[in-house]
Every structure is written in structure tokens, then in C-alpha cells.
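Participant: So that we are looking at the same thing, I have put the structure below in C-alpha cells.
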Amino acid sequence: MARVACSNLVPALSLLPKKSTSSFPVCRNHSFFTNNSQFTGFFGIANRRFSASSSKISMSLKAGIVGLPNVGKSTLFNAVVENGKAQAANFPFCTIEPNVGIVAVPDSRLNVLSELSKSQRAVPASIEFVDIAGLVKGASQGEGLGNKFLSHIREVDSILQVVRCFDDNDIVHVNGKVDPKSDIDVINLELVFSDLDQIEKRLEKLKKGKARDSQSKLKEEAEKSALERIREALMDGKPARSVALTDFEKDAVKHLCLLTMKPVIYVANVAESELADAGNNPYVKEVMNLAFELQSGLVTISAQVESELTELPFEERNEFLKSLGVSESGLGNLITATYSLLGLRTYFTSGEKESKAWTIHAGMTAPQAAGVIHSDFEKGFIRAETVSYDDFVAAGSLAAAREKGLLRSEGKDYIVQEGDVMLFRFNV
């Protein structure tokens, strides 16, 4: 596979009741983000898949944390994940296996619903962070531990690329100096090269294969056409996600899990002393300009501050942040930015047993939202009794909302709106 100069690269990131007419109470979430002190920005939206779960985790959403060695990647992972720590050390390949941790998605509305419904427990939505070992130049050709970890990136929904934006003589940079653009180019180029290699192999296989029926032939032709256009874009230093594809073409190439098809958030990691005024950090300015150019997200944090926060009692954390000149940590912004990047929202189920947050794509219909809870809910959907979150809170309960005429009946074509609280009626 021929390598090309790609300096202008754009990175892609319970048991069911027996058969009967049933109901299941449901609502959803905001996903915009600001931070009073730390710079945060977003320069594009890409939608990704969702998956349902019947466990305490509302949804299996994965964000892969990547970056060159010693940029603060594993320090950040250690800070954001409470159950389990990665092995952080000043050594390029200290993360030999991808470490995985689950983080609750903060949403104050869940607690309000739980209190109003007198729920026994509140179950938040979650995001799964995957700490993927540091990549180096030549990873797509097997340098360092690259090939193994490029395969791990294929399994995530979005990529959080940690970029070093601080100077520290005690922490060696793998390339000898702090250079955000160079670091970003290295990672992005390796993703491009890996996709190019995969596309070349797939196109070769498509030439040999023979479709069994007309539908399979149409899908193969769509895949071939899409891959040829994606290959051309990659050779020009553009990501797969920059190529305009029809829904049919997207479905045809989905199985390849192309790395540059994934949305990216750049995580500018600054020193503790610069957190309050990160916007004036020249490295951060460089990353901000690149994120804008690459139509990607940007969150500025201090991984060291996040790490120190985990060691403090909860009641002392706000005071510590205030002493640094900031009002809140970067973790909430990181989670919210990920939700925004993926075009996700949250709805709630609320009852005496539990109040629970679930995650859906913006624009999903009521049956699709019900299907996130269980596929049978979508198959047997009848209607959704719906009330806005604000009206639910004002009424005090779903029953009170019904008595006041605030509850409305919505059908299969209803697009779930921000803040909806719903009672699903279905057959199983």
C-alpha cells in the first residue's frame, strides 16, 4: 500500500411480562456543553449506533482514549474511571491491554424523577471508556504495539485523542518535543493507512466474489462504489466520514468498522497551573484551530487535576477547583461532548421500583425508543402516553399529569422530544 502525505487529514468516533397488553413508563436529555473556565468547543456532529441492555447499565456506549505515549492518556483514564485503574507510568507501552471502565452520565433530572416517583433506586445512563495503549509512527505497519491496538479502536463508537499541551522536562515526549500538530498527524495518518490497507483487501475480495442473488449483487456494487470513493478521499488525506454516502452505502461498508469513519474529540491536556486560562495556551490554540479545520470536538482539561480530584473527599473538590480558578472539573464536559458528537439524547423511565436513564439517537420514534429497553417493546408497540419533563415535574407524578390533561397519546410516527416522559403501551 502506497503511503501519502496527509497533513490536512480530517479524522473521521429483566424478565418480560407474559403476553398481554402492557405498559412501561419513559424521557430524555440535553447535550450541550460549556465550562466557565476551560475552553470547550465542538465543530461537527456525527451519528453513531446505540445498543440496549437489560442490566443496570442503560446503554453500551464506548469511547476509546488514544494518544501518543506520555501525553497523559492513562492518567486521564485513571481519573475518569472509578472502578479500576490503568497502569500509568512514564513508559511508552505501559498499557498492554485496553483497560475498560464504566462512568455514570450525570443528569440532575434523574434524581428529580426518582424523588417524585419515590423510586427505590436511580440508575443513570453510562459511558464506557477504553484506555488504548499509546500509538507510535508506523503503528499501521506493526511498529510498537500498533496493529493490536488499532484493532481495539475499531470496537469503539468515538475516539478521544489526548494531545499533550504542557511542557515538563521530567516527562519525556516520544518525539523529543511538544508539538500538538505533529502528534495529531501521526495518529491520524496511522488511522488512514490502516483503513487504506483494509479497503484494498476488501476491494480485491469483491473482485473475486460473485453475488448469489440480485439483492446481494446490489449491495456489493454499492459497497464497491462507496469504498472506491472513500479510498480516493483517504489518498487525499481526508477521512472516510467526509465522503457523502447514501444510507444503503453506509450499511454496505459498516461491517468494515473503518477507523476514520469514527467521530473524534481532541482532548487538550494542559498543566494544572494553566487550567484556568487554557485559552491562552499556544498549544491549545493550535489544537483548537486543527479541531475546527478537522470538523471535530475539543475539550480542554488537566489530567493531573482530574487525578488529584479523585483522591479528595467529595465535599473538598469544589474548594480545590476554586483554588485553581475554575468552577468545575473537565469530566462532565468530556462526557457531554461525547454525547453531542454522537448525536445522542437520554430519556427516562420512572416508577416506584426505579427511575432509569436510557440513551437514544436524536430523531428516534417512540417505538424505536421503546426498543432500546427491549426489542419486544418495539415489536409490540401500541402507543406512548407522553408528557414533557417540565409538565411532569410541575404535576408531581404521571398520574397527576393525566388528571390535569397534560398527558397525550402518541403513535408510531411520533419523534421523541427533549424532556419527554412516556408510558409505553405494548403487546408481547
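Chain lettering (A, B, ...) mirrors the order of the C-alpha cells, residue numbering begins at 1 for each chain separately, and ligand numbering begins at 1 in order of display.
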As an NGL selection string, list the residues of segment 311-401 of chain A assigned to alpha helix (DSSP H) by DSSP on the backbone atoms of this structure.

Facilitator: :A and (314-323 or 331-342 or 366-373 or 375-379 or 389-395 or 398-401)

Participant: Which neighbours of Val284 of chain A fall inside 9 Å, counting only C-alpha atoms, when residues of the same chain fewer than 6 positions from it are skipped, and could you give them as a list of chain:residue names?

Facilitator: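 Counting only the stated atoms, we get A:Phe39, A:Cys165, A:Pro180, A:Ala268, A:Asn269, A:Val270, A:Ala278, A:Thr300.
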
Participant: To test your reading of the structure, identify every residue in segment 315-397 of chain A that backbone DSSP assigns to strand (DSSP E or B), and report it as an NGL selection string.

Facilitator: :A and (344-350 or 355-361 or 365 or 381-388)

Participant: May I have the selected residues written with N, CA, C and O atoms, as a CSV table (one decimal), in the first residue's frame?

Facilitator:
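Output below, filename again.csv:
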```
chain,number,residue,atom,x,y,z
A,344,LEU,N,-26.5,11.9,20.5
A,344,LEU,CA,-27.2,11.1,21.5
A,344,LEU,C,-28.1,12.0,22.4
A,344,LEU,O,-27.8,13.1,22.6
A,345,ARG,N,-29.1,11.4,22.9
A,345,ARG,CA,-30.0,12.0,23.9
A,345,ARG,C,-30.3,11.0,24.9
A,345,ARG,O,-30.0,9.8,24.8
A,346,THR,N,-31.0,11.4,26.0
A,346,THR,CA,-31.4,10.5,27.1
A,346,THR,C,-32.8,10.6,27.4
A,346,THR,O,-33.4,11.7,27.4
A,347,TYR,N,-33.5,9.5,27.6
A,347,TYR,CA,-34.9,9.5,28.1
A,347,TYR,C,-34.9,8.8,29.4
A,347,TYR,O,-33.9,8.1,29.8
A,348,PHE,N,-36.0,8.9,30.1
A,348,PHE,CA,-36.1,8.2,31.4
A,348,PHE,C,-37.3,7.3,31.5
A,348,PHE,O,-38.4,7.6,31.0
A,349,THR,N,-37.2,6.3,32.3
A,349,THR,CA,-38.3,5.5,32.8
A,349,THR,C,-38.4,5.9,34.3
A,349,THR,O,-37.3,6.0,35.0
A,350,SER,N,-39.6,6.0,34.9
A,350,SER,CA,-39.7,6.4,36.3
A,350,SER,C,-40.9,5.7,36.9
A,350,SER,O,-42.0,5.9,36.4
A,355,SER,N,-36.1,4.7,38.8
A,355,SER,CA,-36.0,5.7,37.8
A,355,SER,C,-34.7,5.5,37.1
A,355,SER,O,-33.7,5.3,37.7
A,356,LYS,N,-34.8,5.4,35.7
A,356,LYS,CA,-33.7,5.0,35.0
A,356,LYS,C,-33.5,5.8,33.7
A,356,LYS,O,-34.4,6.2,33.1
A,357,ALA,N,-32.2,6.2,33.4
A,357,ALA,CA,-31.9,6.9,32.2
A,357,ALA,C,-31.5,6.0,31.1
A,357,ALA,O,-30.7,5.1,31.3
A,358,TRP,N,-32.0,6.2,29.9
A,358,TRP,CA,-31.7,5.4,28.7
A,358,TRP,C,-31.2,6.4,27.6
A,358,TRP,O,-31.6,7.6,27.6
A,359,THR,N,-30.4,5.9,26.7
A,359,THR,CA,-29.8,6.7,25.7
A,359,THR,C,-30.3,6.3,24.3
A,359,THR,O,-30.4,5.2,24.0
A,360,ILE,N,-30.7,7.4,23.5
A,360,ILE,CA,-31.2,7.1,22.2
A,360,ILE,C,-30.5,8.2,21.2
A,360,ILE,O,-29.9,9.1,21.7
A,361,HIS,N,-30.7,7.9,19.9
A,361,HIS,CA,-30.3,8.9,18.9
A,361,HIS,C,-31.4,10.0,18.8
A,361,HIS,O,-32.6,9.7,19.0
A,365,THR,N,-38.1,7.5,16.8
A,365,THR,CA,-39.5,7.5,17.1
A,365,THR,C,-39.8,6.8,18.4
A,365,THR,O,-38.9,6.1,19.0
A,381,PHE,N,-45.4,-2.5,20.0
A,381,PHE,CA,-45.7,-1.1,20.4
A,381,PHE,C,-47.2,-0.8,20.0
A,381,PHE,O,-47.6,-1.1,18.8
A,382,ILE,N,-47.9,-0.2,20.9
A,382,ILE,CA,-49.3,0.3,20.6
A,382,ILE,C,-49.3,1.8,20.5
A,382,ILE,O,-49.7,2.4,19.6
A,383,ARG,N,-48.9,2.4,21.7
A,383,ARG,CA,-48.9,3.9,21.7
A,383,ARG,C,-48.0,4.3,22.9
A,383,ARG,O,-47.6,3.5,23.7
A,384,ALA,N,-47.7,5.6,23.0
A,384,ALA,CA,-46.9,6.1,24.0
A,384,ALA,C,-47.6,7.3,24.7
A,384,ALA,O,-47.9,8.3,24.0
A,385,GLU,N,-48.0,7.1,25.9
A,385,GLU,CA,-48.6,8.2,26.7
A,385,GLU,C,-47.5,9.2,27.1
A,385,GLU,O,-46.6,8.7,27.8
A,386,THR,N,-47.5,10.4,26.7
A,386,THR,CA,-46.4,11.3,26.8
A,386,THR,C,-46.7,12.6,27.5
A,386,THR,O,-47.8,13.2,27.3
A,387,VAL,N,-45.7,13.0,28.3
A,387,VAL,CA,-45.8,14.3,28.9
A,387,VAL,C,-44.4,14.9,29.0
A,387,VAL,O,-43.4,14.2,29.1
A,388,SER,N,-44.3,16.2,28.8
A,388,SER,CA,-42.9,16.8,28.9
A,388,SER,C,-42.4,16.7,30.3
A,388,SER,O,-43.1,16.6,31.3
```

Participant: Pick the closest to Lys285 of chain A from A:Ala369, A:Val299, A:Leu321, A:Val112: which is it, counting only C-alpha atoms?

Facilitator: A:Val299

Participant: For Val130 of chain A, which residue among A:Lys322, A:Lys62, A:His255, A:Lys177 is the nearest when counting only C-alpha atoms?

Facilitator: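 Distance minimum relative to Val130 of chain A lands on A:Lys62.
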
Participant: So which one's closest to Val178 of chain A, A:Arg408, A:Arg164, A:Arg121, A:Lys217? Using only C-alpha atoms, please.

Facilitator: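 Smallest separation from Val178 of chain A among the options: A:Arg164.
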
Participant: For atom CA of Leu76 of chain A and atom CA of Val267 of chain A, quote the distance in Å rounded to one decimal.

Facilitator: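 Going from atom CA of Leu76 of chain A over to atom CA of Val267 of chain A, I get 9.8 Å.
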
Participant: Identify, on the basis of only C-alpha atoms, every residue whose closest approach to Ile199 of chain A does not exceed 9 Å; exclude the query and any residue fewer than 2 positions from it along the same chain; express the result as a list in words.

Facilitator: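 In the requested format, the answer is Ser194, Asp195, Leu196, Asp197, Lys201, Arg202, Leu203, Glu204, Leu227, Glu228, Ile230, Arg231, Leu256 and Leu258 of chain A.
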
Participant: To one decimal in Å, tell me the separation between atom CA of Ser302 of chain A and atom CA of Gly64 of chain A.

Facilitator: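 Atom CA of Gly64 of chain A lies at a distance of 18.1 Å from atom CA of Ser302 of chain A.
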
Participant: Find the distance between atom CA of Lys118 of chain A and atom CA of Glu352 of chain A and write it in Å to one decimal.

Facilitator: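 Taking atom CA of Lys118 of chain A and atom CA of Glu352 of chain A, their separation equals 5.6 Å.
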
Participant: Could you check the closest approach to Val100 of chain A for each of A:Glu115, A:Asp251, A:Glu128, A:Asp213 and tell me which residue wins, using only C-alpha atoms?

Facilitator: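 Of all the options, A:Glu128 lies closest to Val100 of chain A.
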
Participant: Just checking: using only C-alpha atoms, which residue out of A:Met261, A:Ile184, A:Ala125, A:Leu218 ends up closest to Tyr283 of chain A?

Facilitator: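 Once distances to Tyr283 of chain A are computed over only C-alpha atoms, the minimum belongs to A:Ile184.
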
Participant: Which residue is closest to Gln161 of chain A? Choose from A:Arg402, A:Lys73, A:Lys254, A:Arg229 and count only C-alpha atoms.

Facilitator: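 Checking each candidate against Gln161 of chain A, we get A:Lys73 as the closest.
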